[in-house]
Amino acid sequence: MAVTAPHHPAGARGGDRILAAALRHGAGRTLALAVVTTASTGAALLLPAVLGHTLDLLLARHADAGRWVLLSTALICVPAVLDALDGLLTATTTARATAWLRHRALGEILAAGPRATARFPAGDLVTRLVGNTAHAATAPASLAGTVAALAGPVGGIVALGVINPWLAVAFLAGAPLLALLLRAFARASTDTLTAYQRLQGDIAARLLEALRGARTIAAAGTAARERDRVLEPLADLSRHGHRMWRVQGRSTAQAATLVPLLQIAVLAVAGLQLSRGRLSVGDLLAASRYAVLATGVGMLVGHLNALVHSRTAAARLAGVRALPPVPYGTRRLPPGGDGTLRMRGVSAGRGGRTVLRGADLVVPGGTTLALVGRSGTGKSVLAELAGRLADPDSGEITLDGVPLRDLTHDELRRAVGHAFARPAPLGGTVAGTIAFGSFTPPPSAVVAAARAACADPFVRRLPDGYSTPLAAAPLSGGEAQRLGLARAFAHARRLLVLDDATSSLDSVTERQVTAALLTDVAAPTRLIVAHRPATAARADRVAWLDDGRVRAVGTHEELWREPEYRAVFGG
């Protein structure tokens, strides 16, 4: 079973690198957004000084008062226009960053292959790919907004010092408390959000498991129990959610207490300076406005909270990025090879236990070999390794003398075809499902593969035949398996791996498919995971797996003499 990785400092560092890459990707839009937000803040910083000077001119009945009134009006209107542009740029920047992060994360998941779902539950991967990318994508806009939000307080303090140095001194006396408040908020929010997002992924993973097993749950009558299992982490999720709100509420309350005190201190000093004739009435008005700007910690806390959300989400994306992609080589298969598969000393583990232990196996080219063994002996794992859906922990696997690791991606996928017990309906249409692969076979090859898999008759009965959309073609388990077999037949050139791919077929259809393997399929070599005695009997040879090793290789008739072999089939 896949296990969700806990939060780790390395994940935070990886998340920071992801955010840095997102910033570089949208550098132009982020810079434009920063310019707009900073310009809006600049207008807000100019306004108090202009208003104060305008007030002094009006009180003195100065002739220039009218022009300054117009300037004040313009400075009031400009931020409104800039804020509208800010909203538009924020939305487009975030949308583009989300698309880029999702495209990149999806590519990393698919490049890792089956090891991705072995490392993380499918539901957790969906949460990371959908929810966490959306949160991480807000980082560029949040950073641009944070720059502007920081420029407001800093500009306010500078303006206070320009009006009168003692005003800045009065404000800065309480500034360390503001800094401590912001630091405590960031630290507490990061820990809480990390746990919250991890639990969201856990619930999503449980829900996906329940949806996949909906028929089993209904048949067992355990809907209530399953509902409780899926929602079990909800209490912890609620606890972390409430803690997150308490942290934000406490920080806001502390800021609401501290900010007025700082403003009162500034106004008290300004009033004293006014009484001594060192400030004008307009200066007092400007100082009161700058004190508000200088204490704009509420805006800063909001942007800081968004950045914390982005950073914790990016740390979860870093777990996906840490999945090593499947490396491919540069070699090609020798021309004219017969598809001989060799395994030497192959060992592999799953779920913390060793499944294959130094297995040795040769599948001669042009033959069909059935893999037989009790449940858990490593049949499906060996089938995965044979087509390099996974790599062994040790040992070597070669196809026509070339190690699978050394083959290029396209060479490997053209040479080996896989069919599974529950094939995924990908490709859009019935024909697209059969053609789905590293290369697109011609329509004639698609039809030929469908005939070999005994799928052509039921496909032609569909409303639009091979062009029927999958959504309009409800398939039985056997029909879905036949399309999966056709897809493998259409692509495999040297080796065909069937992992329980005929389990839903009736005996007559299975016999017809087996016969087609020998005459109508390009791949000369077949490796079949067999659960039925008849399937094993039709193979040229049988490899009997027991306790992670190849116990014996022979014909079905030869092995049938062994009581333990017969016991594998319940005989």
# chains A, B, ... in the order shown; residues from 1 in each chain; ligands from 1

$ residues_around --residues "A:Gly387" --least-positions-apart "3" --cutoff "12 Å" --atoms "only C-alpha atoms" --output "ChimeraX atom specification"
/A:339,341-343,380-384,390-392,397-399,403-405,407,409,411-419,488,492,494-499,526-527

$ write_last_selection --atoms "N, CA, C and O atoms" --output "compact mmCIF listing (two decimals), in the first residue's frame"
# COMPACT_ATOMS: atom_id res chain seq x y z
N GLY A 339 13.00 -12.21 -30.07
CA GLY A 339 12.27 -11.86 -28.85
C GLY A 339 12.64 -12.70 -27.64
O GLY A 339 11.82 -12.87 -26.74
N LEU A 341 13.79 -13.55 -24.14
CA LEU A 341 13.82 -12.80 -22.87
C LEU A 341 14.61 -13.60 -21.85
O LEU A 341 14.37 -14.80 -21.66
N ARG A 342 15.58 -12.94 -21.19
CA ARG A 342 16.39 -13.60 -20.17
C ARG A 342 16.38 -12.79 -18.88
O ARG A 342 16.52 -11.56 -18.91
N MET A 343 16.23 -13.47 -17.78
CA MET A 343 16.33 -12.86 -16.45
C MET A 343 17.41 -13.60 -15.67
O MET A 343 17.39 -14.84 -15.58
N SER A 380 2.80 -11.25 -11.10
CA SER A 380 2.55 -9.93 -11.69
C SER A 380 3.80 -9.05 -11.61
O SER A 380 4.05 -8.25 -12.52
N VAL A 381 4.57 -9.20 -10.55
CA VAL A 381 5.81 -8.42 -10.44
C VAL A 381 6.79 -8.84 -11.54
O VAL A 381 7.41 -7.99 -12.20
N LEU A 382 6.89 -10.14 -11.77
CA LEU A 382 7.79 -10.61 -12.83
C LEU A 382 7.31 -10.11 -14.19
O LEU A 382 8.11 -9.73 -15.06
N ALA A 383 5.98 -10.09 -14.40
CA ALA A 383 5.43 -9.57 -15.66
C ALA A 383 5.74 -8.09 -15.82
O ALA A 383 6.05 -7.62 -16.93
N GLU A 384 5.66 -7.32 -14.74
CA GLU A 384 6.03 -5.90 -14.79
C GLU A 384 7.48 -5.73 -15.21
O GLU A 384 7.82 -4.91 -16.06
N ALA A 390 8.67 -1.65 -14.31
CA ALA A 390 9.43 -1.39 -13.09
C ALA A 390 10.81 -2.01 -13.28
O ALA A 390 11.01 -2.84 -14.18
N ASP A 391 11.76 -1.59 -12.48
CA ASP A 391 13.11 -2.13 -12.52
C ASP A 391 13.34 -3.04 -11.32
O ASP A 391 12.84 -2.76 -10.23
N PRO A 392 14.10 -4.11 -11.50
CA PRO A 392 14.39 -4.98 -10.36
C PRO A 392 15.34 -4.30 -9.38
O PRO A 392 16.08 -3.39 -9.75
N ILE A 397 17.82 -8.02 -16.84
CA ILE A 397 16.82 -8.55 -17.76
C ILE A 397 17.20 -8.08 -19.16
O ILE A 397 17.43 -6.89 -19.38
N THR A 398 17.27 -9.01 -20.10
CA THR A 398 17.65 -8.66 -21.47
C THR A 398 16.58 -9.14 -22.45
O THR A 398 15.88 -10.13 -22.19
N LEU A 399 16.47 -8.43 -23.55
CA LEU A 399 15.61 -8.82 -24.67
C LEU A 399 16.48 -8.89 -25.91
O LEU A 399 17.10 -7.88 -26.30
N PRO A 403 20.21 -5.36 -22.54
CA PRO A 403 19.54 -5.04 -21.27
C PRO A 403 18.40 -4.05 -21.50
O PRO A 403 18.54 -3.07 -22.24
N LEU A 404 17.27 -4.28 -20.85
CA LEU A 404 16.11 -3.40 -21.03
C LEU A 404 16.44 -1.97 -20.63
O LEU A 404 15.94 -1.01 -21.23
N ARG A 405 17.30 -1.79 -19.63
CA ARG A 405 17.68 -0.45 -19.18
C ARG A 405 18.40 0.34 -20.27
O ARG A 405 18.36 1.58 -20.27
N LEU A 407 17.80 0.26 -23.55
CA LEU A 407 17.00 0.58 -24.72
C LEU A 407 16.41 1.99 -24.62
O LEU A 407 16.11 2.48 -23.53
N HIS A 409 13.40 4.76 -25.06
CA HIS A 409 11.99 4.65 -24.70
C HIS A 409 11.16 4.08 -25.86
O HIS A 409 10.39 3.13 -25.69
N GLU A 411 12.08 2.46 -28.54
CA GLU A 411 12.48 1.11 -28.94
C GLU A 411 11.85 0.08 -28.00
O GLU A 411 11.35 -0.96 -28.44
N LEU A 412 11.88 0.37 -26.69
CA LEU A 412 11.31 -0.56 -25.71
C LEU A 412 9.81 -0.70 -25.90
O LEU A 412 9.26 -1.81 -25.92
N ARG A 413 9.10 0.44 -26.03
CA ARG A 413 7.64 0.40 -26.10
C ARG A 413 7.13 -0.14 -27.44
O ARG A 413 6.02 -0.65 -27.52
N ARG A 414 7.93 -0.05 -28.48
CA ARG A 414 7.55 -0.68 -29.74
C ARG A 414 7.77 -2.19 -29.69
O ARG A 414 7.07 -2.95 -30.36
N ALA A 415 8.74 -2.61 -28.90
CA ALA A 415 9.09 -4.03 -28.85
C ALA A 415 8.17 -4.82 -27.91
O ALA A 415 7.87 -5.99 -28.17
N VAL A 416 7.73 -4.19 -26.82
CA VAL A 416 6.98 -4.91 -25.78
C VAL A 416 5.57 -4.34 -25.67
O VAL A 416 5.37 -3.12 -25.60
N GLY A 417 4.60 -5.24 -25.66
CA GLY A 417 3.21 -4.84 -25.44
C GLY A 417 2.67 -5.49 -24.18
O GLY A 417 3.02 -6.63 -23.86
N HIS A 418 1.81 -4.76 -23.45
CA HIS A 418 1.22 -5.26 -22.21
C HIS A 418 -0.30 -5.27 -22.32
O HIS A 418 -0.90 -4.36 -22.89
N ALA A 419 -0.91 -6.28 -21.73
CA ALA A 419 -2.36 -6.31 -21.55
C ALA A 419 -2.63 -6.73 -20.11
O ALA A 419 -1.93 -7.60 -19.56
N ALA A 488 -2.57 -4.24 -27.11
CA ALA A 488 -1.26 -4.88 -26.98
C ALA A 488 -0.85 -5.55 -28.30
O ALA A 488 0.31 -5.45 -28.73
N ALA A 492 2.88 -4.52 -29.93
CA ALA A 492 4.04 -5.36 -29.60
C ALA A 492 4.69 -5.90 -30.86
O ALA A 492 4.00 -6.39 -31.76
N ARG A 494 8.02 -7.68 -30.46
CA ARG A 494 8.88 -8.82 -30.12
C ARG A 494 8.38 -9.60 -28.91
O ARG A 494 8.52 -10.82 -28.86
N LEU A 495 7.81 -8.90 -27.93
CA LEU A 495 7.40 -9.57 -26.70
C LEU A 495 6.02 -9.08 -26.30
O LEU A 495 5.77 -7.87 -26.26
N LEU A 496 5.14 -10.02 -25.98
CA LEU A 496 3.79 -9.70 -25.53
C LEU A 496 3.63 -10.23 -24.11
O LEU A 496 3.87 -11.41 -23.85
N VAL A 497 3.26 -9.35 -23.19
CA VAL A 497 3.10 -9.72 -21.78
C VAL A 497 1.62 -9.59 -21.42
O VAL A 497 1.06 -8.50 -21.51
N LEU A 498 1.01 -10.71 -21.05
CA LEU A 498 -0.40 -10.72 -20.68
C LEU A 498 -0.51 -11.05 -19.20
O LEU A 498 -0.25 -12.18 -18.78
N ASP A 499 -0.89 -10.04 -18.40
CA ASP A 499 -1.00 -10.22 -16.95
C ASP A 499 -2.47 -10.44 -16.59
O ASP A 499 -3.23 -9.50 -16.38
N ARG A 526 5.61 -14.74 -26.15
CA ARG A 526 4.49 -14.39 -25.29
C ARG A 526 4.77 -14.85 -23.86
O ARG A 526 5.20 -15.99 -23.65
N LEU A 527 4.52 -13.95 -22.90
CA LEU A 527 4.64 -14.27 -21.48
C LEU A 527 3.26 -14.05 -20.86
O LEU A 527 2.74 -12.92 -20.88

$ residues_around --residues "A:Pro474" --least-positions-apart "2" --cutoff "12 Å" --atoms "only C-alpha atoms" --output "ChimeraX atom specification"
/A:425,429-430,458-459,462-463,468-472,476-480

$ residues_around --residues "A:Ala501" --least-positions-apart "6" --cutoff "10 Å" --atoms "only C-alpha atoms" --output "list in words"
His418, Ala419, Phe420, Ala421, Arg422, Pro423, Gly478, Ala480, Gln481, Arg482, Gly484, Leu485, Glu510, Ile528, Val529 and Ala530 of chain A

$ write_last_selection --atoms "N, CA and C atoms" --output "PDB file, in the first residue's frame"
ATOM      1  N   HIS A 418       1.815  -4.760 -23.454  1.00  0.00           N
ATOM      2  CA  HIS A 418       1.224  -5.265 -22.213  1.00  0.00           C
ATOM      3  C   HIS A 418      -0.299  -5.273 -22.318  1.00  0.00           C
ATOM      4  N   ALA A 419      -0.909  -6.281 -21.731  1.00  0.00           N
ATOM      5  CA  ALA A 419      -2.362  -6.311 -21.547  1.00  0.00           C
ATOM      6  C   ALA A 419      -2.629  -6.727 -20.107  1.00  0.00           C
ATOM      7  N   PHE A 420      -3.645  -6.103 -19.505  1.00  0.00           N
ATOM      8  CA  PHE A 420      -3.900  -6.284 -18.074  1.00  0.00           C
ATOM      9  C   PHE A 420      -5.321  -6.786 -17.831  1.00  0.00           C
ATOM     10  N   ALA A 421      -5.557  -7.204 -16.589  1.00  0.00           N
ATOM     11  CA  ALA A 421      -6.888  -7.701 -16.223  1.00  0.00           C
ATOM     12  C   ALA A 421      -7.927  -6.591 -16.302  1.00  0.00           C
ATOM     13  N   ARG A 422      -7.547  -5.373 -15.921  1.00  0.00           N
ATOM     14  CA  ARG A 422      -8.473  -4.234 -15.968  1.00  0.00           C
ATOM     15  C   ARG A 422      -7.825  -3.120 -16.794  1.00  0.00           C
ATOM     16  N   PRO A 423      -7.912  -3.206 -18.115  1.00  0.00           N
ATOM     17  CA  PRO A 423      -7.270  -2.196 -18.964  1.00  0.00           C
ATOM     18  C   PRO A 423      -7.937  -0.834 -18.807  1.00  0.00           C
ATOM     19  N   GLY A 478     -15.412  -8.548 -20.081  1.00  0.00           N
ATOM     20  CA  GLY A 478     -14.757  -9.294 -21.145  1.00  0.00           C
ATOM     21  C   GLY A 478     -14.494  -8.446 -22.370  1.00  0.00           C
ATOM     22  N   ALA A 480     -14.023  -5.161 -22.402  1.00  0.00           N
ATOM     23  CA  ALA A 480     -12.922  -4.256 -22.072  1.00  0.00           C
ATOM     24  C   ALA A 480     -11.584  -4.987 -22.164  1.00  0.00           C
ATOM     25  N   GLN A 481     -11.547  -6.242 -21.701  1.00  0.00           N
ATOM     26  CA  GLN A 481     -10.297  -6.998 -21.792  1.00  0.00           C
ATOM     27  C   GLN A 481      -9.919  -7.252 -23.247  1.00  0.00           C
ATOM     28  N   ARG A 482     -10.891  -7.497 -24.101  1.00  0.00           N
ATOM     29  CA  ARG A 482     -10.572  -7.746 -25.511  1.00  0.00           C
ATOM     30  C   ARG A 482     -10.013  -6.490 -26.191  1.00  0.00           C
ATOM     31  N   GLY A 484      -8.268  -4.254 -24.550  1.00  0.00           N
ATOM     32  CA  GLY A 484      -6.913  -4.176 -24.006  1.00  0.00           C
ATOM     33  C   GLY A 484      -5.971  -5.129 -24.716  1.00  0.00           C
ATOM     34  N   LEU A 485      -6.466  -6.334 -25.012  1.00  0.00           N
ATOM     35  CA  LEU A 485      -5.645  -7.291 -25.770  1.00  0.00           C
ATOM     36  C   LEU A 485      -5.359  -6.759 -27.169  1.00  0.00           C
ATOM     37  N   GLU A 510     -11.326 -17.366 -25.053  1.00  0.00           N
ATOM     38  CA  GLU A 510      -9.921 -17.451 -24.651  1.00  0.00           C
ATOM     39  C   GLU A 510      -9.160 -18.391 -25.576  1.00  0.00           C
ATOM     40  N   ILE A 528       2.648 -15.113 -20.343  1.00  0.00           N
ATOM     41  CA  ILE A 528       1.256 -15.054 -19.900  1.00  0.00           C
ATOM     42  C   ILE A 528       1.160 -15.445 -18.430  1.00  0.00           C
ATOM     43  N   VAL A 529       0.564 -14.562 -17.614  1.00  0.00           N
ATOM     44  CA  VAL A 529       0.249 -14.914 -16.231  1.00  0.00           C
ATOM     45  C   VAL A 529      -1.029 -15.744 -16.270  1.00  0.00           C
ATOM     46  N   ALA A 530      -0.927 -17.019 -15.857  1.00  0.00           N
ATOM     47  CA  ALA A 530      -2.040 -17.957 -16.015  1.00  0.00           C
ATOM     48  C   ALA A 530      -2.606 -18.357 -14.654  1.00  0.00           C
TER      49      ALA A 530
END

$ closest_residue --among "A:Ala386, A:Val550, A:Leu106, A:Leu293" --to "A:Ala151" --atoms "only C-alpha atoms"
A:Leu293

$ select_by_dssp --residues "stretch 353-424 of chain A" --states "strand (DSSP E)" --output "list in words"
Arg353, Thr354, Val355, Leu356, Arg357, Gly358, Ala359, Asp360, Leu361, Val362, Val363, Thr368, Leu369, Ala370, Leu371, Val372, Ser394, Gly395, Glu396, Ile397, Thr398, Leu399, Val402, Pro403, Val416, Gly417, His418, Ala419 and Phe420 of chain A

$ residues_around --residues "stretch 538-547 of chain A" --least-positions-apart "3" --cutoff "8 Å" --atoms "only C-alpha atoms" --output "NGL selection string"
:A and (355-356 or 367-374 or 377-379 or 514 or 534-535 or 550-556 or 565)

$ residues_around --residues "A:Ala44" --least-positions-apart "6" --cutoff "10 Å" --atoms "only C-alpha atoms" --output "list in words"
Thr38, Leu75, Ile76, Val78, Pro79, Gly152, Gly155, Gly156, Arg289, Tyr290 and Leu293 of chain A
